[in-house]
Structure formats: structure tokens, C-alpha cells
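Enquirer: Take a look at this one; I'll ask things after.
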Amino acid sequence: MLKKPKTETSTRKIFLPKTVAEMLVDWKQGQDDTKEALGNEYMDFNLVMANSLGMPTEKSRITALFSELIEKNDLPKVVFHSLRHSSITYKLKLNGGDIKSVQGDSGHAQAQMVTDQYSHILDDDRRNNAALFEEAFYSGKGSEKVDTPAEVEADNDNKTVPSGVDPELLVKILGNPDMAALLTALAKSMN
């Protein structure tokens, strides 16, 4: 059933990675080719995810395809909506906890909704802030020095890491076998 989004903030502008945008352009071209081939038989509701005749994709079909992906790649059993939470979590970690930028993409009406739901993921950053504060104001008395992100990046000069990506976070993400498997499976399914 086609219906309006549940809140006004559900309709929003989001910023996609270039790779995802290019994939959507290719997807759209495939849809346009199908529309042309089927003519009036294609029911054009202007949907991104539609069945082969243009009709909305049923929730049960999405759930089934997602379950197949999980089983085929021996991934942790999660529901499709978990991808939304994972996206928000990774955005917060990758951007150093910029709540407002994540709120814009997630569609939460208030930034507090993001902080209430996801504040636990920023605990590592909060620990780092305390250590940096210790170093800056107390000359490191009482704690070991914690490298700043710039120092960590300098230590990893021999590794190729995209600009703006925290190397420690990248190692943590890829070091988790479940996350590495999930990311690999998602990348393969997009090709």
C-alpha cells in the first residue's frame, strides 16, 4: 500500500556516498529500460524499489531476500531495520559524534532523539576526550598519553587510509569478524 511517510521529517534530503549514487543511477537506467520494454504494462509509481512490473515491493519479499543474503554469507541474524541503526552508528563513529549531521540523514525530529538512542557509542570518544584533557591541562600526570587522531594517522603513514577516516576505528570495524563479513556481503550484493 502506498502512503505518506509517518512524519514530516521522514521526507528529507540525504547525502549519499558517490559509489551508492552511481549504483542508483545504474538501477534507474535498468528500470527505465524495463519501462520502455513493457510500455503500458509497467505500473509507474516512481519507486526506487519496485517489482518487475513497477508495483511496490512487498515487505515480505524484502525480508525474504535479506534473510537469504544473511544465510548465504553466514552473517549474524538481524532484521532489515538493523541496517538503519548500523548506518547511524557508523556515521556517528566516523564523523566523531556530529549529532546534527547524523540527525539530518536519519530523519529524527530532534537531535536529542539521536543522543538518547545512540549516546553509548560515543563512550570511547568521551574516554579519549578525558585523556586529551588530562594531557593538555595536567601535563599527563596521572595518566598515560593518548595519541590524537593526527598522531595515530602519522603512525600509520605506511598504510593507505582514505582522508578523514580514523585508522583506529577502521581497524576496530574490520577486526570484528561479524562486521567484516557483513560489509563484505553487502559490497558483493551491490555489484
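Ordering of the C-alpha cells sets the chain letters (A, B, ...); residue numbers start at 1 within each chain; ligands are numbered from 1 in the order shown.
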For Glu8 (chain A), find every residue with an atom within 12 Å (counting only C-alpha atoms), except residues of its own chain fewer than 4 positions away, and show them as a PDB file with N, CA, C and O atoms, in the first residue's frame.

Expert:
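Dumped everything to result37.pdb:
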ATOM      1  N   LYS A   4       1.709   8.128   2.704  1.00  0.00           N
ATOM      2  CA  LYS A   4       2.661   9.182   3.040  1.00  0.00           C
ATOM      3  C   LYS A   4       3.543   8.726   4.196  1.00  0.00           C
ATOM      4  O   LYS A   4       3.138   7.895   5.008  1.00  0.00           O
ATOM      5  N   ARG A  12      13.083  13.897   3.442  1.00  0.00           N
ATOM      6  CA  ARG A  12      14.264  14.713   3.679  1.00  0.00           C
ATOM      7  C   ARG A  12      15.292  14.517   2.578  1.00  0.00           C
ATOM      8  O   ARG A  12      15.231  13.557   1.823  1.00  0.00           O
ATOM      9  N   GLY A 107      16.560  11.485   9.949  1.00  0.00           N
ATOM     10  CA  GLY A 107      15.176  11.940   9.980  1.00  0.00           C
ATOM     11  C   GLY A 107      14.608  12.097  11.372  1.00  0.00           C
ATOM     12  O   GLY A 107      13.409  12.322  11.532  1.00  0.00           O
ATOM     13  N   HIS A 108      15.447  11.979  12.395  1.00  0.00           N
ATOM     14  CA  HIS A 108      14.957  12.220  13.752  1.00  0.00           C
ATOM     15  C   HIS A 108      14.582  13.698  13.871  1.00  0.00           C
ATOM     16  O   HIS A 108      15.331  14.570  13.449  1.00  0.00           O
ATOM     17  N   ALA A 109      13.425  13.954  14.438  1.00  0.00           N
ATOM     18  CA  ALA A 109      12.931  15.331  14.536  1.00  0.00           C
ATOM     19  C   ALA A 109      13.804  16.189  15.443  1.00  0.00           C
ATOM     20  O   ALA A 109      13.992  17.379  15.198  1.00  0.00           O
TER      21      ALA A 109
END

Enquirer: Quick one: everything within 10 Å of region 98-102 of chain A, counting only C-alpha atoms, minus sequence neighbours fewer than 6 positions away in the same chain. Send it as a PyMOL selection string.

Expert: chain A and resi 14+87-92+108+110-115+118-119
